[in-house]
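Dropping entry-v7.txt in here (compact mmCIF, C-alpha atoms):
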```txt
# COMPACT_ATOMS: atom_id res chain seq x y z
CA MET Q 8 -52.46 83.63 87.98
CA SER Q 9 -48.98 85.19 87.83
CA LEU Q 10 -47.83 87.63 90.48
CA HIS Q 11 -47.84 90.43 87.92
CA ARG Q 12 -51.46 89.76 87.02
CA ARG Q 13 -52.41 89.56 90.70
CA LEU Q 14 -51.02 93.07 91.14
CA VAL Q 15 -52.88 94.36 88.09
CA SER Q 16 -56.12 92.78 89.36
CA SER Q 17 -55.60 94.26 92.80
CA ARG Q 18 -55.08 97.72 91.33
CA TRP Q 19 -58.24 97.35 89.25
CA ARG Q 20 -60.35 96.50 92.32
CA ARG Q 21 -58.84 99.35 94.30
CA TRP Q 22 -59.62 101.92 91.67
CA SER Q 23 -62.93 100.50 90.36
CA SER Q 24 -64.90 103.41 91.83
CA ALA Q 25 -62.85 105.97 89.91
CA SER Q 26 -64.38 107.76 86.94
CA ALA Q 27 -63.78 106.44 83.44
CA GLY Q 28 -61.90 109.60 82.56
CA GLY Q 29 -59.69 109.25 85.59
CA LEU Q 30 -58.89 105.65 84.68
CA LEU Q 31 -58.02 106.59 81.13
CA LEU Q 32 -55.72 109.31 82.41
CA LEU Q 33 -54.09 106.84 84.83
CA VAL Q 34 -53.54 104.24 82.12
CA SER Q 35 -52.10 106.75 79.67
CA ALA Q 36 -49.76 108.13 82.33
CA ALA Q 37 -48.55 104.68 83.39
CA ALA Q 38 -48.08 103.24 79.91
CA PRO Q 39 -44.90 105.12 78.94
CA ALA Q 40 -43.15 103.97 82.12
CA GLN Q 41 -44.10 100.34 81.40
CA GLN Q 42 -42.95 100.54 77.77
CA TYR Q 43 -39.80 102.58 78.32
CA ARG Q 44 -36.59 101.22 76.87
CA PRO Q 45 -33.30 103.06 77.26
CA SER Q 46 -31.77 104.44 74.09
CA PHE Q 47 -28.19 103.85 75.26
CA HIS Q 48 -26.84 100.33 74.63
CA PRO Q 49 -23.28 99.89 75.90
CA GLU Q 50 -23.20 96.29 74.65
CA VAL Q 51 -22.97 97.51 71.04
CA LEU Q 52 -20.32 100.15 71.74
CA LYS Q 53 -17.27 97.89 71.75
CA GLY Q 54 -14.69 100.11 70.10
CA PRO Q 55 -12.62 98.28 68.98
CA PRO Q 56 -10.17 99.34 71.70
CA ALA Q 57 -6.59 100.31 71.09
CA GLY Q 58 -4.47 97.18 71.51
CA PRO Q 59 -5.61 93.64 72.20
CA PRO Q 60 -9.18 93.18 73.47
CA ASN Q 61 -10.24 91.74 76.80
CA ASP Q 62 -11.41 88.23 75.87
CA VAL Q 63 -13.43 86.45 78.57
CA LEU Q 64 -14.34 82.77 78.53
CA VAL Q 65 -17.00 81.92 81.13
CA LEU Q 66 -16.87 78.23 82.06
CA GLY Q 67 -19.92 77.00 83.95
CA THR Q 68 -19.05 74.16 86.29
CA GLY Q 69 -20.67 71.70 88.61
CA HIS Q 70 -19.19 71.83 92.09
CA LEU Q 71 -16.72 68.95 92.04
CA SER Q 72 -17.09 68.40 95.78
CA ALA Q 73 -20.67 67.24 95.16
CA LEU Q 74 -19.86 64.65 92.49
CA SER Q 75 -20.40 60.97 93.20
CA GLU Q 76 -16.97 60.19 91.70
CA THR Q 77 -13.73 61.80 92.81
CA PRO Q 78 -12.24 63.38 89.67
CA THR Q 79 -8.79 62.01 88.88
CA PRO Q 80 -6.12 63.78 86.80
CA ALA Q 81 -6.91 61.41 83.93
CA MET Q 82 -10.61 62.29 84.10
CA LEU Q 83 -9.83 66.01 84.11
CA ALA Q 84 -7.15 65.90 81.41
CA PRO Q 85 -9.45 66.39 78.37
CA LEU Q 86 -10.99 69.47 80.00
CA LEU Q 87 -7.63 70.94 81.04
CA ASP Q 88 -6.16 70.32 77.58
CA ARG Q 89 -8.92 72.27 75.89
CA LEU Q 90 -8.75 75.15 78.35
CA ALA Q 91 -4.97 75.30 78.03
CA SER Q 92 -5.27 75.39 74.24
CA TRP Q 93 -7.23 78.63 74.54
CA GLY Q 94 -4.28 80.14 76.40
CA PRO Q 95 -5.79 82.18 79.24
CA THR Q 96 -3.52 84.80 80.79
CA ALA Q 97 -5.66 85.04 83.96
CA ILE Q 98 -8.11 82.79 85.79
CA ALA Q 99 -10.97 84.03 87.99
CA THR Q 100 -12.52 81.68 90.54
CA GLU Q 101 -15.68 81.48 92.63
CA ASP Q 102 -13.87 82.21 95.88
CA LEU Q 103 -14.12 85.12 98.28
CA SER Q 104 -11.05 87.31 98.29
CA GLY Q 105 -9.03 87.58 101.46
CA LEU Q 106 -9.81 91.27 101.58
CA GLN Q 107 -13.58 90.70 101.45
CA CYS Q 108 -13.33 88.03 104.13
CA ASP Q 109 -11.32 90.46 106.26
CA SER Q 110 -14.11 93.00 105.85
CA LEU Q 111 -16.88 90.50 106.61
CA ARG Q 112 -15.14 89.41 109.81
CA ARG Q 113 -15.63 92.93 111.14
CA TYR Q 114 -19.43 92.52 111.06
CA PRO Q 115 -20.10 89.17 112.75
CA ALA Q 116 -23.72 89.99 113.57
CA ARG Q 117 -24.48 89.79 109.84
CA TYR Q 118 -21.70 87.67 108.36
CA ALA Q 119 -20.62 85.10 110.96
CA GLU Q 120 -22.20 82.20 109.02
CA THR Q 121 -20.75 83.45 105.72
CA VAL Q 122 -17.25 83.68 107.18
CA ALA Q 123 -17.53 80.19 108.67
CA ALA Q 124 -18.65 78.74 105.33
CA TYR Q 125 -16.52 80.61 102.81
CA CYS Q 126 -13.49 82.22 104.46
CA PRO Q 127 -10.37 80.16 105.23
CA ASP Q 128 -8.55 81.15 108.39
CA PRO Q 129 -5.43 83.20 107.52
CA ALA Q 130 -4.24 83.35 111.13
CA PRO Q 131 -1.69 80.48 110.98
CA ALA Q 132 0.00 82.05 107.95
CA GLY Q 133 -0.27 85.47 109.54
CA ARG Q 134 1.65 84.21 112.56
CA ALA Q 135 4.27 82.57 110.33
CA THR Q 136 4.83 85.67 108.19
CA GLY Q 137 4.02 88.46 110.62
CA LEU Q 138 1.51 89.89 108.14
CA ASP Q 139 -2.19 90.57 108.58
CA VAL Q 140 -4.53 90.22 105.59
CA PRO Q 141 -4.21 93.78 104.19
CA ALA Q 142 -0.45 93.82 104.67
CA ALA Q 143 -0.08 90.39 103.07
CA ASN Q 144 -2.14 91.47 100.04
CA ALA Q 145 0.04 94.54 99.65
CA GLU Q 146 3.18 92.41 99.95
CA ALA Q 147 1.92 89.93 97.34
CA GLU Q 148 1.27 92.80 94.92
CA ARG Q 149 4.75 94.20 95.58
CA LEU Q 150 6.40 90.83 94.99
CA LEU Q 151 4.48 90.18 91.78
CA ALA Q 152 5.29 93.64 90.41
CA ASN Q 153 8.97 92.65 90.49
CA TRP Q 154 8.59 88.93 89.85
CA PRO Q 155 11.49 87.39 87.93
CA THR Q 156 11.02 85.42 84.76
CA VAL Q 157 12.52 82.36 86.43
CA PRO Q 158 11.77 82.57 90.17
CA SER Q 159 13.75 80.47 92.59
CA PRO Q 160 12.08 77.80 94.73
CA ALA Q 161 12.67 79.98 97.78
CA GLN Q 162 10.81 82.87 96.13
CA ARG Q 163 7.89 80.61 95.31
CA ARG Q 164 7.70 79.21 98.84
CA HIS Q 165 7.79 82.73 100.26
CA LEU Q 166 5.06 83.97 97.93
CA ALA Q 167 2.93 80.93 98.80
CA ALA Q 168 3.22 81.83 102.49
CA VAL Q 169 2.31 85.45 101.76
CA PHE Q 170 -0.74 84.39 99.72
CA LEU Q 171 -1.91 82.18 102.60
CA ALA Q 172 -1.60 85.14 104.97
CA ALA Q 173 -3.50 87.25 102.44
CA GLY Q 174 -6.45 84.86 102.56
CA GLU Q 175 -5.75 83.63 99.01
CA PRO Q 176 -5.13 79.87 99.35
CA GLY Q 177 -5.89 79.23 95.66
CA SER Q 178 -3.02 81.47 94.60
CA ALA Q 179 -0.78 79.91 97.25
CA LEU Q 180 -1.54 76.52 95.70
CA VAL Q 181 -0.51 77.82 92.27
CA GLN Q 182 2.93 78.64 93.66
CA TRP Q 183 3.10 75.30 95.46
CA LEU Q 184 2.22 73.34 92.31
CA SER Q 185 4.78 75.36 90.33
CA LEU Q 186 7.52 73.92 92.53
CA ALA Q 187 9.27 70.69 91.69
CA PRO Q 188 7.97 67.97 94.07
CA ALA Q 189 11.28 67.88 95.93
CA GLU Q 190 10.99 71.63 96.60
CA ARG Q 191 7.52 71.37 98.17
CA ARG Q 192 8.82 71.63 101.71
CA ARG Q 193 9.06 73.99 104.67
CA GLY Q 194 11.16 77.13 104.60
CA ASP Q 195 10.98 80.75 103.44
CA GLY Q 196 7.86 81.44 105.49
CA LEU Q 197 6.25 78.01 105.15
CA ASN Q 198 6.28 76.09 108.44
CA ASP Q 199 5.11 72.51 108.93
CA GLU Q 200 1.50 73.58 109.51
CA LEU Q 201 1.36 75.53 106.24
CA VAL Q 202 3.12 72.78 104.29
CA ASP Q 203 0.53 70.32 105.54
CA LEU Q 204 -2.25 72.72 104.55
CA LEU Q 205 -0.90 73.02 100.99
CA ALA Q 206 -0.33 69.28 100.67
CA ARG Q 207 -3.95 68.66 101.66
CA ALA Q 208 -5.11 71.36 99.24
CA GLU Q 209 -3.56 69.40 96.36
CA ARG Q 210 -6.11 66.66 97.04
CA ARG Q 211 -9.12 68.79 97.95
CA ARG Q 212 -11.99 68.04 95.64
CA ASN Q 213 -13.10 71.39 94.27
CA GLU Q 214 -12.79 73.21 90.97
CA THR Q 215 -10.39 75.85 92.31
CA ASN Q 216 -7.84 73.27 93.45
CA LEU Q 217 -8.28 70.59 90.78
CA VAL Q 218 -8.89 72.79 87.74
CA SER Q 219 -7.99 76.46 88.23
CA ALA Q 220 -4.77 76.08 90.23
CA VAL Q 221 -3.55 73.11 88.20
CA LEU Q 222 -4.21 74.97 84.94
CA ALA Q 223 -2.56 78.16 86.20
CA ALA Q 224 0.60 76.30 87.21
CA ARG Q 225 0.65 74.48 83.87
CA LEU Q 226 0.41 77.78 81.97
CA GLY Q 227 3.02 79.59 84.08
CA LEU Q 228 0.54 81.98 85.70
CA GLN Q 229 1.42 83.27 89.14
CA ARG Q 230 -1.96 83.62 90.81
CA LEU Q 231 -5.74 83.21 90.67
CA TRP Q 232 -8.29 86.02 91.01
CA SER Q 233 -10.92 85.45 93.72
CA VAL Q 234 -14.04 87.23 92.46
CA ASP Q 235 -16.93 85.72 94.43
CA ASP Q 236 -18.99 88.12 96.55
CA HIS Q 237 -21.15 87.42 99.57
CA SER Q 238 -21.61 90.98 100.83
CA ALA Q 239 -25.35 90.68 100.13
CA ASP Q 240 -25.65 87.79 102.60
CA ALA Q 241 -27.82 88.28 105.66
CA PRO Q 242 -28.67 85.95 108.54
CA ASP Q 243 -31.90 84.00 108.38
CA SER Q 244 -34.92 85.26 110.24
CA THR Q 245 -34.97 84.43 113.95
CA ASP Q 246 -38.64 83.51 113.59
CA PRO Q 247 -38.91 79.73 112.93
CA ALA Q 248 -42.32 80.15 111.31
CA GLU Q 249 -40.96 82.71 108.86
CA ARG Q 250 -37.95 80.53 108.01
CA LYS Q 251 -40.27 77.61 107.32
CA ALA Q 252 -42.60 79.74 105.23
CA ALA Q 253 -39.69 81.01 103.14
CA GLY Q 254 -38.27 77.54 102.61
CA ASP Q 255 -41.66 76.11 101.69
CA ALA Q 256 -42.38 78.94 99.23
CA ILE Q 257 -39.09 78.51 97.38
CA ALA Q 258 -39.42 74.71 97.39
CA ARG Q 259 -42.84 74.99 95.78
CA ALA Q 260 -41.44 77.34 93.16
CA TRP Q 261 -38.62 74.93 92.36
CA ASP Q 262 -41.01 71.99 91.91
CA ASN Q 263 -41.48 72.41 88.16
CA PRO Q 264 -40.78 70.64 84.84
CA ALA Q 265 -37.53 72.55 84.22
CA THR Q 266 -36.14 71.38 87.57
CA ARG Q 267 -37.03 67.80 86.75
CA ALA Q 268 -35.34 68.13 83.37
CA ARG Q 269 -32.15 69.38 85.04
CA GLN Q 270 -32.26 66.57 87.59
CA ALA Q 271 -32.65 63.98 84.86
CA GLU Q 272 -29.71 65.42 82.93
CA ASP Q 273 -27.54 65.53 86.06
CA ALA Q 274 -28.38 61.91 86.87
CA LEU Q 275 -27.35 60.81 83.38
CA LEU Q 276 -24.12 62.81 83.53
CA ALA Q 277 -23.30 61.38 86.97
CA LYS Q 278 -23.91 57.84 85.74
CA ASN Q 279 -21.30 58.26 83.00
CA LEU Q 280 -18.83 60.43 84.93
CA ALA Q 281 -16.11 57.79 85.18
CA GLN Q 282 -16.40 56.83 81.51
CA PRO Q 283 -13.85 58.24 79.03
CA GLY Q 284 -14.77 61.86 78.42
CA GLY Q 285 -17.32 61.83 81.27
CA ILE Q 286 -16.08 65.02 82.93
CA LEU Q 287 -15.72 66.78 79.59
CA ASN Q 288 -19.28 65.81 78.66
CA MET Q 289 -20.49 67.28 81.95
CA TYR Q 290 -18.82 70.58 81.12
CA ARG Q 291 -20.21 70.49 77.60
CA ALA Q 292 -23.72 70.09 79.02
CA TYR Q 293 -23.33 72.87 81.58
CA ASN Q 294 -22.03 75.22 78.89
CA ALA Q 295 -24.52 74.33 76.14
CA PRO Q 296 -26.39 77.31 74.65
CA GLY Q 297 -29.71 76.40 76.27
CA ALA Q 298 -28.36 75.69 79.76
CA PRO Q 299 -28.73 79.22 81.23
CA ALA Q 300 -32.37 79.50 80.14
CA LEU Q 301 -33.17 76.08 81.62
CA ALA Q 302 -31.52 77.11 84.91
CA TYR Q 303 -33.59 80.30 84.92
CA ARG Q 304 -36.88 78.51 84.33
CA SER Q 305 -36.04 75.94 86.99
CA ASP Q 306 -34.82 78.35 89.65
CA PHE Q 307 -34.82 82.14 89.46
CA GLY Q 308 -37.67 82.63 87.01
CA ALA Q 309 -39.85 80.31 89.07
CA ALA Q 310 -38.93 82.14 92.29
CA LEU Q 311 -39.65 85.52 90.72
CA VAL Q 312 -43.33 84.70 90.29
CA GLU Q 313 -43.97 82.65 93.43
CA PRO Q 314 -47.00 84.26 95.13
CA SER Q 315 -46.16 84.38 98.85
CA PRO Q 316 -47.42 87.62 100.46
CA GLN Q 317 -43.95 88.11 101.98
CA ARG Q 318 -42.45 88.02 98.44
CA PHE Q 319 -39.83 85.49 99.46
CA GLY Q 320 -39.04 84.63 95.86
CA ARG Q 321 -38.37 88.23 94.90
CA GLN Q 322 -36.08 88.62 97.93
CA TYR Q 323 -34.14 85.57 96.77
CA VAL Q 324 -33.88 86.82 93.18
CA GLY Q 325 -32.76 90.23 94.44
CA TYR Q 326 -29.95 88.58 96.38
CA TRP Q 327 -28.97 86.47 93.40
CA GLU Q 328 -28.81 89.37 90.96
CA THR Q 329 -26.88 91.51 93.45
CA ARG Q 330 -24.32 88.78 94.02
CA ASN Q 331 -23.79 88.22 90.30
CA LEU Q 332 -23.49 91.95 89.59
CA ARG Q 333 -20.81 92.28 92.27
CA MET Q 334 -18.96 89.19 91.04
CA VAL Q 335 -18.91 90.58 87.51
CA ALA Q 336 -17.80 93.96 88.85
CA ASN Q 337 -14.83 92.20 90.46
CA ILE Q 338 -13.95 90.64 87.10
CA ARG Q 339 -14.30 94.00 85.36
CA ASP Q 340 -11.98 95.54 87.95
CA VAL Q 341 -9.29 92.97 87.10
CA LEU Q 342 -9.70 93.57 83.36
CA GLY Q 343 -9.52 97.32 83.89
CA ARG Q 344 -6.25 97.01 85.78
CA TYR Q 345 -4.62 94.83 83.12
CA PRO Q 346 -6.23 95.55 79.71
CA GLY Q 347 -5.68 92.99 76.99
CA MET Q 348 -6.29 89.87 79.09
CA ARG Q 349 -7.56 86.49 78.03
CA LEU Q 350 -9.47 85.75 81.21
CA LEU Q 351 -11.02 82.40 82.06
CA ALA Q 352 -13.82 82.77 84.62
CA ILE Q 353 -14.77 79.45 86.23
CA VAL Q 354 -18.05 79.64 88.13
CA GLY Q 355 -21.00 77.51 89.18
CA ALA Q 356 -23.17 76.77 86.16
CA SER Q 357 -26.19 78.69 87.49
CA HIS Q 358 -24.10 81.88 87.41
CA LYS Q 359 -22.96 81.47 83.81
CA GLY Q 360 -25.90 83.14 82.07
CA TYR Q 361 -25.76 86.13 84.42
CA TYR Q 362 -21.99 86.43 84.07
CA GLU Q 363 -22.24 86.54 80.29
CA ALA Q 364 -25.24 88.86 80.18
CA TYR Q 365 -23.65 91.40 82.53
CA LEU Q 366 -20.14 91.13 81.06
CA ASN Q 367 -21.56 91.63 77.58
CA GLN Q 368 -22.72 95.10 78.63
CA MET Q 369 -19.13 96.19 79.18
CA HIS Q 370 -17.51 98.27 76.44
CA ASP Q 371 -14.14 96.55 76.75
CA VAL Q 372 -15.16 92.90 77.09
CA ARG Q 373 -15.45 90.37 74.29
CA LEU Q 374 -17.03 87.03 75.19
CA VAL Q 375 -15.72 83.69 73.95
CA ASN Q 376 -17.99 80.75 73.18
CA ALA Q 377 -17.23 78.02 75.74
CA SER Q 378 -18.93 75.36 73.62
CA ALA Q 379 -16.44 75.97 70.81
CA ILE Q 380 -13.50 75.55 73.19
CA LEU Q 381 -14.92 72.34 74.68
CA ARG Q 382 -15.49 70.52 71.36
```

Serialized structure, structure tokens:
Amino acid sequence: MSLHRRLVSSRWRRWSSASAGGLLLLVSAAAPAQQYRPSFHPEVLKGPPAGPPNDVLVLGTGHLSALSETPTPAMLAPLLDRLASWGPTAIATEDLSGLQCDSLRRYPARYAETVAAYCPDPAPAGRATGLDVPAANAEAERLLANWPTVPSPAQRRHLAAVFLAAGEPGSALVQWLSLAPAERRRGDGLNDELVDLLARAERRRNETNLVSAVLAARLGLQRLWSVDDHSADAPDSTDPAERKAAGDAIARAWDNPATRARQAEDALLAKNLAQPGGILNMYRAYNAPGAPALAYRSDFGAALVEPSPQRFGRQYVGYWETRNLRMVANIRDVLGRYPGMRLLAIVGASHKGYYEAYLNQMHDVRLVNASAILR
């Protein structure tokens, strides 16, 4: 029996001693609330706006750090070629912004684990530049507002150092990759420690470094936009029994045919990853029209109806929806600041359906079909 039907059954038992008239009155009063649909639909009120629209291409990705094969430039080339052909003018990544990390650091009782997992340490760059995170973000904005058409290597090195101090290593890597190899050296705010950090970032196996930053440098973009959000994170319960109960409940929910279908598809994709077009085929699968619904049935939809009395599944789904709403709000903020963008949003494949559903509600957002770009 589904959780919804359990609740209905429970209500029926509770009120079984009520009079028939009272029950009819209760049902008639409750029905409109259950059937209510809002009359206002922002997703159909798209203008058109004055000037070019905000086009958004959401690219669902597997996390490259988890792949059995290390992606090489040759393996990634077919994907990068297709994304470049679309011509994005901005790229959003699944990274926490330096400003959010700076905020989370101020509340270690709640966010210490989040900071350790998702926030790079800006302190070395802060010492090198003399800038804390807010000041470095302000300085990066000031520099970009007056950025020359053909920046000098010294300007790029300096901006890379400022981005590192701002807690934006992805954008720092864009500047680093935009330098000729001989100019990737210390100076202009970059000391040996920061140069080593950037050199290691070139080889780090994740989609921000191997796809987003490489593509941005190739297209002449100056930065990435970090739009991930972990402000809904909270520490696990201190009660071991409760932690185990929560983990067991979610694991039971995830043990379903949709999960097994996803696992089988992932195994097949992994087997052929090193073959010609293997990476591109992975992206085609993750961005296929049916992929978001399969992810929902496997994960969030299954958790929504798991029957634990503590409602662990609903807590998990609440976190997931909150995180996606805030991530999309960060994207909408960028589009609102610079109307007329062609924005590529690269995000873990399980987020893709939520990204597109929420973005589609925005008046000034027009979605682009990723499958058409990846053909």

Handout entry: For Q:Arg191: contacts at 9 Å, only C-alpha atoms, fewer than 5 positions along chain excluded, given as a PyMOL selection string
Key = chain Q and resi 160+164+183-184+186+202+206

Exercise for the section: Name the closest residue to Q:Arg211 among the candidates Q:Ala309, Q:Ala298, Q:Ala241, Q:Ala73; distances are taken between atoms, counting only C-alpha atoms. Expected result: Q:Ala73

Practice task
Extract, using only C-alpha atoms, all DNA, RNA and protein residues at most 10 Å from Q:Asp243, discarding same-chain residues fewer than 5 positions from it, and format them as a ChimeraX atom specification.
Solution key: /Q:117,120,249-250,253

Handout entry: Neighbour list for Q:Ala302 as a PyMOL selection string, cut-off 8 Å, all atoms listed in the file, skip fewer than 2 positions in-chain
Key = chain Q and resi 265-266+269+298-300+304-307+357

Practice task
Starting from the point (-12.1, 84.7, 90.7), work out which residues of protein, DNA or RNA have an atom no more than 7 Å away when counting only C-alpha atoms; state them as a VMD selection string.
Solution key: chain Q and resid 98 to 102 231 to 235 352

Practice task
Return the single residue from Q:Ala364, Q:Met334, Q:Leu275, Q:Ala256 that is closest to Q:Leu311, with distances computed using only C-alpha atoms.
Solution key: Q:Ala256

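Selection around (0.2, 92.2, 106.6) with radius 12 Å, counting only C-alpha atoms, yields the residues Gly105, Leu106, Asp109, Pro129, Ala130, Ala132, Gly133, Arg134, Ala135, Thr136, Gly137, Leu138, Asp139, Val140, Pro141, Ala142, Ala143, Asn144, Ala145, Glu146, Ala147, Glu148, Ala168, Val169, Phe170, Leu171, Ala172, Ala173 and Gly174 of chain Q.
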